[in-house]
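Shown here: input29.cif, mmCIF, C-alpha atoms and all ligand atoms.
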data_run
#
loop_
_atom_site.group_PDB
_atom_site.id
_atom_site.type_symbol
_atom_site.label_atom_id
_atom_site.label_comp_id
_atom_site.auth_asym_id
_atom_site.auth_seq_id
_atom_site.Cartn_x
_atom_site.Cartn_y
_atom_site.Cartn_z
ATOM 1 C CA MET Z 1 207.699 180.418 115.263
ATOM 2 C CA PRO Z 2 204.344 178.948 114.098
ATOM 3 C CA ASN Z 3 201.806 181.285 112.606
ATOM 4 C CA ALA Z 4 199.076 182.427 114.952
ATOM 5 C CA PRO Z 5 195.679 180.780 114.361
ATOM 6 C CA SER Z 6 193.593 182.853 111.992
ATOM 7 C CA GLN Z 7 190.508 182.682 114.254
ATOM 8 C CA SER Z 8 190.445 184.387 117.638
ATOM 9 C CA PRO Z 9 189.909 181.920 120.510
ATOM 10 C CA ASP Z 10 187.060 184.193 121.644
ATOM 11 C CA ALA Z 11 185.175 183.892 118.343
ATOM 12 C CA ALA Z 12 181.612 182.621 118.763
ATOM 13 C CA PRO Z 13 181.174 179.011 117.584
ATOM 14 C CA THR Z 14 179.414 178.725 114.264
ATOM 15 C CA ALA Z 15 175.806 177.512 114.652
ATOM 16 C CA ALA Z 16 175.226 174.040 113.240
ATOM 17 C CA PRO Z 17 173.029 174.143 110.149
ATOM 18 C CA HIS Z 18 169.420 173.031 110.541
ATOM 19 C CA ARG Z 19 166.956 171.700 108.036
ATOM 20 C CA THR Z 20 163.262 170.826 107.972
ATOM 21 C CA VAL Z 21 162.624 167.130 107.409
ATOM 22 C CA HIS Z 22 159.367 165.371 106.603
ATOM 23 C CA LEU Z 23 159.104 161.825 107.916
ATOM 24 C CA THR Z 24 156.200 159.413 107.963
ATOM 25 C CA VAL Z 25 156.703 157.350 111.085
ATOM 26 C CA ASN Z 26 154.356 154.448 111.779
ATOM 27 C CA GLY Z 27 151.889 155.971 109.319
ATOM 28 C CA ILE Z 28 151.883 159.449 110.869
ATOM 29 C CA ALA Z 29 153.373 162.405 108.987
ATOM 30 C CA HIS Z 30 155.826 164.583 110.912
ATOM 31 C CA GLU Z 31 157.696 167.760 110.086
ATOM 32 C CA ILE Z 32 160.698 168.373 112.312
ATOM 33 C CA GLU Z 33 163.557 170.835 112.369
ATOM 34 C CA VAL Z 34 166.870 169.068 112.925
ATOM 35 C CA GLU Z 35 170.559 169.783 112.847
ATOM 36 C CA THR Z 36 171.898 168.300 109.637
ATOM 37 C CA ARG Z 37 174.177 166.064 111.722
ATOM 38 C CA ARG Z 38 171.309 164.608 113.806
ATOM 39 C CA THR Z 39 170.900 160.871 113.509
ATOM 40 C CA LEU Z 40 167.569 159.267 112.773
ATOM 41 C CA LEU Z 41 167.891 157.481 116.121
ATOM 42 C CA ASP Z 42 168.139 160.785 117.999
ATOM 43 C CA ALA Z 43 165.343 162.333 115.948
ATOM 44 C CA LEU Z 44 163.039 159.408 116.734
ATOM 45 C CA ARG Z 45 163.874 159.303 120.420
ATOM 46 C CA ALA Z 46 164.304 162.987 121.297
ATOM 47 C CA ASP Z 47 162.131 164.809 118.756
ATOM 48 C CA LEU Z 48 159.321 162.298 118.261
ATOM 49 C CA HIS Z 49 159.531 160.618 121.698
ATOM 50 C CA LEU Z 50 159.593 157.148 120.187
ATOM 51 C CA THR Z 51 162.066 155.362 122.428
ATOM 52 C CA GLY Z 52 161.618 151.812 121.126
ATOM 53 C CA ALA Z 53 164.765 152.024 119.000
ATOM 54 C CA LYS Z 54 167.603 151.699 121.495
ATOM 55 C CA PRO Z 55 170.938 153.508 121.654
ATOM 56 C CA GLY Z 56 173.477 150.733 122.035
ATOM 57 C CA CYS Z 57 176.931 151.118 120.539
ATOM 58 C CA GLY Z 58 176.127 154.164 118.411
ATOM 59 C CA MET Z 59 178.518 152.933 115.754
ATOM 60 C CA GLY Z 60 176.827 150.230 113.706
ATOM 61 C CA ASP Z 61 177.928 147.210 115.711
ATOM 62 C CA CYS Z 62 174.963 146.035 117.790
ATOM 63 C CA GLY Z 63 171.679 146.546 115.918
ATOM 64 C CA ALA Z 64 169.773 147.794 118.979
ATOM 65 C CA CYS Z 65 168.777 150.896 117.006
ATOM 66 C CA THR Z 66 167.304 148.960 114.051
ATOM 67 C CA VAL Z 67 164.218 150.451 112.390
ATOM 68 C CA LEU Z 68 162.598 149.853 109.010
ATOM 69 C CA ILE Z 69 162.907 152.426 106.240
ATOM 70 C CA GLU Z 70 160.525 151.531 103.412
ATOM 71 C CA GLY Z 71 160.514 148.013 104.881
ATOM 72 C CA GLU Z 72 164.288 147.599 104.931
ATOM 73 C CA ALA Z 73 166.100 147.124 108.242
ATOM 74 C CA VAL Z 74 168.646 149.887 108.880
ATOM 75 C CA TYR Z 75 170.780 151.056 111.779
ATOM 76 C CA SER Z 76 169.211 154.355 112.773
ATOM 77 C CA CYS Z 77 172.387 155.387 114.634
ATOM 78 C CA LEU Z 78 174.240 155.474 111.319
ATOM 79 C CA THR Z 79 171.467 157.180 109.354
ATOM 80 C CA LEU Z 80 171.098 160.934 109.244
ATOM 81 C CA ALA Z 81 167.571 162.209 109.777
ATOM 82 C CA VAL Z 82 167.944 164.548 106.785
ATOM 83 C CA ALA Z 83 168.697 161.532 104.596
ATOM 84 C CA CYS Z 84 165.199 160.208 105.378
ATOM 85 C CA GLU Z 85 163.308 163.111 103.818
ATOM 86 C CA GLY Z 86 159.944 161.829 102.580
ATOM 87 C CA ARG Z 87 160.617 158.246 103.663
ATOM 88 C CA ALA Z 88 158.290 155.863 105.508
ATOM 89 C CA ILE Z 89 159.785 154.610 108.759
ATOM 90 C CA THR Z 90 158.523 151.862 111.021
ATOM 91 C CA THR Z 91 159.622 151.577 114.622
ATOM 92 C CA ILE Z 92 158.667 148.893 117.098
ATOM 93 C CA GLU Z 93 155.867 151.179 118.355
ATOM 94 C CA GLY Z 94 154.201 150.882 114.944
ATOM 95 C CA LEU Z 95 154.297 147.135 114.567
ATOM 96 C CA SER Z 96 151.186 146.151 116.478
ATOM 97 C CA SER Z 97 147.770 147.070 115.113
ATOM 98 C CA SER Z 98 145.902 150.153 116.332
ATOM 99 C CA ASP Z 99 143.734 147.961 118.587
ATOM 100 C CA GLY Z 100 146.855 146.542 120.243
ATOM 101 C CA GLU Z 101 147.042 143.206 118.463
ATOM 102 C CA LEU Z 102 150.659 142.137 118.269
ATOM 103 C CA ASP Z 103 152.451 141.506 115.012
ATOM 104 C CA PRO Z 104 153.106 137.776 114.383
ATOM 105 C CA VAL Z 105 156.833 138.368 114.859
ATOM 106 C CA GLN Z 106 156.214 139.868 118.285
ATOM 107 C CA SER Z 107 153.906 136.976 119.195
ATOM 108 C CA ALA Z 108 156.506 134.432 118.067
ATOM 109 C CA PHE Z 109 159.193 136.073 120.200
ATOM 110 C CA ILE Z 110 156.891 135.836 123.218
ATOM 111 C CA ALA Z 111 155.831 132.265 122.458
ATOM 112 C CA HIS Z 112 159.467 131.160 122.161
ATOM 113 C CA ASP Z 113 160.716 133.222 125.093
ATOM 114 C CA ALA Z 114 163.180 134.866 122.699
ATOM 115 C CA LEU Z 115 164.278 137.636 125.041
ATOM 116 C CA GLN Z 116 165.670 138.200 128.467
ATOM 117 C CA CYS Z 117 166.379 141.857 129.364
ATOM 118 C CA GLY Z 118 164.653 143.005 126.170
ATOM 119 C CA PHE Z 119 167.125 145.746 125.242
ATOM 120 C CA CYS Z 120 167.939 144.213 121.878
ATOM 121 C CA THR Z 121 164.412 142.960 121.214
ATOM 122 C CA PRO Z 122 162.928 145.872 119.209
ATOM 123 C CA GLY Z 123 165.848 145.643 116.802
ATOM 124 C CA GLN Z 124 165.682 141.857 116.645
ATOM 125 C CA VAL Z 125 161.950 141.904 115.925
ATOM 126 C CA LEU Z 126 162.298 144.487 113.159
ATOM 127 C CA ALA Z 127 165.255 142.675 111.587
ATOM 128 C CA MET Z 128 163.168 139.479 111.552
ATOM 129 C CA LYS Z 129 160.214 141.386 110.113
ATOM 130 C CA ALA Z 130 162.348 142.689 107.241
ATOM 131 C CA LEU Z 131 163.734 139.204 106.550
ATOM 132 C CA LEU Z 132 160.277 137.602 106.375
ATOM 133 C CA ALA Z 133 158.964 140.367 104.132
ATOM 134 C CA ARG Z 134 161.590 139.593 101.499
ATOM 135 C CA ASN Z 135 161.787 135.845 102.171
ATOM 136 C CA PRO Z 136 158.728 134.321 103.912
ATOM 137 C CA HIS Z 137 160.327 130.880 104.294
ATOM 138 C CA PRO Z 138 163.997 131.376 105.115
ATOM 139 C CA SER Z 139 166.270 128.455 105.926
ATOM 140 C CA ASP Z 140 168.040 128.265 109.282
ATOM 141 C CA ASP Z 141 171.192 129.651 107.648
ATOM 142 C CA GLU Z 142 169.263 132.498 106.076
ATOM 143 C CA ILE Z 143 167.690 133.375 109.424
ATOM 144 C CA ALA Z 144 171.065 133.286 111.183
ATOM 145 C CA ARG Z 145 172.681 135.401 108.472
ATOM 146 C CA ALA Z 146 169.872 137.969 108.447
ATOM 147 C CA MET Z 147 169.987 138.286 112.229
ATOM 148 C CA SER Z 148 173.767 138.426 112.483
ATOM 149 C CA GLY Z 149 173.780 142.222 112.653
ATOM 150 C CA ASN Z 150 171.710 142.209 115.837
ATOM 151 C CA LEU Z 151 173.648 141.302 118.963
ATOM 152 C CA CYS Z 152 172.131 140.004 122.191
ATOM 153 C CA ARG Z 153 174.171 140.304 125.345
ATOM 154 C CA CYS Z 154 171.760 137.928 127.089
ATOM 155 C CA GLY Z 155 172.516 135.184 124.583
ATOM 156 C CA ALA Z 156 168.928 134.595 123.484
ATOM 157 C CA TYR Z 157 170.099 133.492 120.040
ATOM 158 C CA PRO Z 158 168.774 129.881 120.144
ATOM 159 C CA LYS Z 159 165.316 131.119 121.095
ATOM 160 C CA ILE Z 160 165.392 133.929 118.529
ATOM 161 C CA LEU Z 161 166.259 131.292 115.922
ATOM 162 C CA ALA Z 162 163.399 129.125 117.212
ATOM 163 C CA ALA Z 163 160.991 132.044 116.802
ATOM 164 C CA GLY Z 164 162.294 132.620 113.286
ATOM 165 C CA ARG Z 165 161.946 128.940 112.410
ATOM 166 C CA ALA Z 166 158.333 128.927 113.591
ATOM 167 C CA LEU Z 167 157.557 132.053 111.554
ATOM 168 C CA ALA Z 168 159.221 130.449 108.524
ATOM 169 C CA GLY Z 169 156.984 127.389 108.897
ATOM 170 C CA HIS Z 170 159.679 124.923 109.948
ATOM 171 C CA PRO Z 171 158.625 122.099 112.290
ATOM 172 C CA SER Z 172 159.817 122.679 115.857
HETATM 173 S S1 LIG Y 201 173.234 151.586 118.380
HETATM 174 FE FE1 LIG Y 201 173.112 151.446 116.220
HETATM 175 S S2 LIG Y 201 174.186 149.634 115.717
HETATM 176 FE FE2 LIG Y 201 174.471 149.830 117.881
HETATM 177 S S1 LIG Y 202 167.535 140.093 125.524
HETATM 178 FE FE1 LIG Y 202 169.035 141.188 126.647
HETATM 179 S S2 LIG Y 202 170.390 141.936 125.111
HETATM 180 FE FE2 LIG Y 202 169.051 140.610 124.061
#
Take the structure in the file and write it out as structure tokens.
Amino acid sequence: MPNAPSQSPDAAPTAAPHRTVHLTVNGIAHEIEVETRRTLLDALRADLHLTGAKPGCGMGDCGACTVLIEGEAVYSCLTLAVACEGRAITTIEGLSSSDGELDPVQSAFIAHDALQCGFCTPGQVLAMKALLARNPHPSDDEIARAMSGNLCRCGAYPKILAAGRALAGHPS
């Protein structure tokens, strides 16, 4: 006969541990209390009410949740909020200037009609932003490779590439 479980089925569940995290998001300092298992995506959307980063697959496949951490594109669904202590995060809400002027990447996406439903667009724009920050004049292959972690169910890839080519200074 198997041994009885050591814990009574009526035992109260153990409370998940919480921790205070300090994040600078789009230039604004925040202090939030989060469960240690909370993703950055959930912290941004639910705690800070910044819903630009989208919950897609939730498992690192689609890129809809892409944000910038210290300028580097990351999947916020795979990043724990507590791992971002003291870090500077940029979401799509922080890309335009305070007077509403769009970032050049946003303008290029509009000019090249590089979106359809728009669900993937915040992640696409931020992935492109990170690419251009480290390589202002990427080749077509470099653009395609850098954007390969951001899926688009609407199939806007040719127009996203066209926006990237324009930003990189290639002739249309
Ligand atoms: S929601 Fe994060 S990669 Fe899909
Ligand atoms: S524009 Fe619809 S998923 Fe990309």
Could you list, as a count of residues only, every residue within 6 Å of stretch 22-35 of chain Z, counting all atoms listed in the file and ignoring same-chain residues fewer than 5 positions away? 8
So, with all atoms listed in the file as the atoms that count, which of Z:Cys57, Z:Val125, Z:Ile69, Z:Ala81 lies closest to ligand LIG 201 (chain Y)?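 The closest residue to ligand LIG 201 (chain Y) is Z:Cys57.
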Take the PyMOL selection byres (((chain Z and resi 149) around 10) and not hetatm), apply it to the structure above, and return the hits as a ChimeraX atom specification. /Z:60-64,66,74-75,123-124,127,144-148,150-152
Kindly indicate which residue among Z:Gly71, Z:Gly100, Z:Gly118, Z:Pro55 lies nearest to ligand LIG 202 (chain Y), using all atoms listed in the file for the distances.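 Nearest to ligand LIG 202 (chain Y): Z:Gly118.
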With only C-alpha atoms and all ligand atoms counted, collect every polymer residue having an atom within 8 Å of ligand LIG 202 (chain Y); state the result as a ChimeraX atom specification. /Z:114-121,151-156
Given all atoms listed in the file as the counted atoms, nearest of Z:Pro158, Z:Pro104, Z:Gly164, Z:Gly52 to ligand LIG 201 (chain Y):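 Smallest separation from ligand LIG 201 (chain Y) among the options: Z:Gly52.
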How many Å separate atom CA of Z:Leu44 from atom CA of Z:Leu68?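 Computing the Euclidean distance for atom CA of Z:Leu44 and atom CA of Z:Leu68 yields 12.3 Å.
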For Z:Leu78, which of Z:His49, Z:Arg134, Z:Arg38, Z:His18 is the closest residue, counting all atoms listed in the file?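 Nearest candidate to Z:Leu78 out of Z:His49, Z:Arg134, Z:Arg38, Z:His18: Z:Arg38.
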Padding of 6 Å on every side, edges along x, y and z, all listed atoms of stretch 119-131 of chain Z included: what centre and edge lengths in Å, to one decimal, does that box have, as lines of an AutoDock Vina configuration file?
center_x = 164.1
center_y = 142.5
center_z = 115.9
size_x = 19.7
size_y = 18.7
size_z = 30.7
As an mmCIF file, in the coordinates of the input, the rebuilt stretch 89-111 of chain Z with N, CA and C atoms:
data_model
loop_
_atom_site.group_PDB
_atom_site.id
_atom_site.type_symbol
_atom_site.label_atom_id
_atom_site.label_comp_id
_atom_site.auth_asym_id
_atom_site.auth_seq_id
_atom_site.Cartn_x
_atom_site.Cartn_y
_atom_site.Cartn_z
ATOM 1 N N ILE Z 89 158.981 155.278 107.737
ATOM 2 C CA ILE Z 89 159.785 154.610 108.759
ATOM 3 C C ILE Z 89 158.853 153.847 109.689
ATOM 4 N N THR Z 90 159.273 152.648 110.038
ATOM 5 C CA THR Z 90 158.523 151.862 111.021
ATOM 6 C C THR Z 90 159.423 151.599 112.212
ATOM 7 N N THR Z 91 158.918 151.923 113.384
ATOM 8 C CA THR Z 91 159.622 151.577 114.622
ATOM 9 C C THR Z 91 158.813 150.490 115.323
ATOM 10 N N ILE Z 92 159.360 149.976 116.393
ATOM 11 C CA ILE Z 92 158.667 148.893 117.098
ATOM 12 C C ILE Z 92 157.290 149.359 117.585
ATOM 13 N N GLU Z 93 157.158 150.660 117.863
ATOM 14 C CA GLU Z 93 155.867 151.179 118.355
ATOM 15 C C GLU Z 93 154.775 151.038 117.294
ATOM 16 N N GLY Z 94 155.180 150.929 116.025
ATOM 17 C CA GLY Z 94 154.201 150.882 114.944
ATOM 18 C C GLY Z 94 153.900 149.486 114.454
ATOM 19 N N LEU Z 95 154.447 148.480 115.118
ATOM 20 C CA LEU Z 95 154.297 147.135 114.567
ATOM 21 C C LEU Z 95 152.962 146.489 114.920
ATOM 22 N N SER Z 96 152.483 146.733 116.108
ATOM 23 C CA SER Z 96 151.186 146.151 116.478
ATOM 24 C C SER Z 96 150.069 146.970 115.824
ATOM 25 N N SER Z 97 148.893 146.377 115.731
ATOM 26 C CA SER Z 97 147.770 147.070 115.113
ATOM 27 C C SER Z 97 147.242 148.152 116.059
ATOM 28 N N SER Z 98 146.390 149.023 115.524
ATOM 29 C CA SER Z 98 145.902 150.153 116.332
ATOM 30 C C SER Z 98 145.073 149.672 117.530
ATOM 31 N N ASP Z 99 144.488 148.465 117.428
ATOM 32 C CA ASP Z 99 143.734 147.961 118.587
ATOM 33 C C ASP Z 99 144.610 147.122 119.521
ATOM 34 N N GLY Z 100 145.928 147.176 119.303
ATOM 35 C CA GLY Z 100 146.855 146.542 120.243
ATOM 36 C C GLY Z 100 147.210 145.109 119.916
ATOM 37 N N GLU Z 101 146.699 144.582 118.811
ATOM 38 C CA GLU Z 101 147.042 143.206 118.463
ATOM 39 C C GLU Z 101 148.493 143.142 118.004
ATOM 40 N N LEU Z 102 149.241 142.217 118.581
ATOM 41 C CA LEU Z 102 150.659 142.137 118.269
ATOM 42 C C LEU Z 102 150.889 141.615 116.861
ATOM 43 N N ASP Z 103 151.999 142.051 116.289
ATOM 44 C CA ASP Z 103 152.451 141.506 115.012
ATOM 45 C C ASP Z 103 152.854 140.043 115.232
ATOM 46 N N PRO Z 104 152.709 139.190 114.221
ATOM 47 C CA PRO Z 104 153.106 137.776 114.383
ATOM 48 C C PRO Z 104 154.549 137.604 114.839
ATOM 49 N N VAL Z 105 155.430 138.486 114.422
ATOM 50 C CA VAL Z 105 156.833 138.368 114.859
ATOM 51 C C VAL Z 105 156.925 138.620 116.365
ATOM 52 N N GLN Z 106 156.216 139.609 116.842
ATOM 53 C CA GLN Z 106 156.214 139.868 118.285
ATOM 54 C C GLN Z 106 155.645 138.666 119.044
ATOM 55 N N SER Z 107 154.539 138.126 118.529
ATOM 56 C CA SER Z 107 153.906 136.976 119.195
ATOM 57 C C SER Z 107 154.849 135.781 119.216
ATOM 58 N N ALA Z 108 155.582 135.567 118.120
ATOM 59 C CA ALA Z 108 156.506 134.432 118.067
ATOM 60 C C ALA Z 108 157.646 134.616 119.066
ATOM 61 N N PHE Z 109 158.137 135.830 119.210
ATOM 62 C CA PHE Z 109 159.193 136.073 120.200
ATOM 63 C C PHE Z 109 158.686 135.754 121.611
ATOM 64 N N ILE Z 110 157.455 136.128 121.888
ATOM 65 C CA ILE Z 110 156.891 135.836 123.218
ATOM 66 C C ILE Z 110 156.702 134.328 123.383
ATOM 67 N N ALA Z 111 156.120 133.704 122.362
ATOM 68 C CA ALA Z 111 155.831 132.265 122.458
ATOM 69 C C ALA Z 111 157.104 131.451 122.654
#
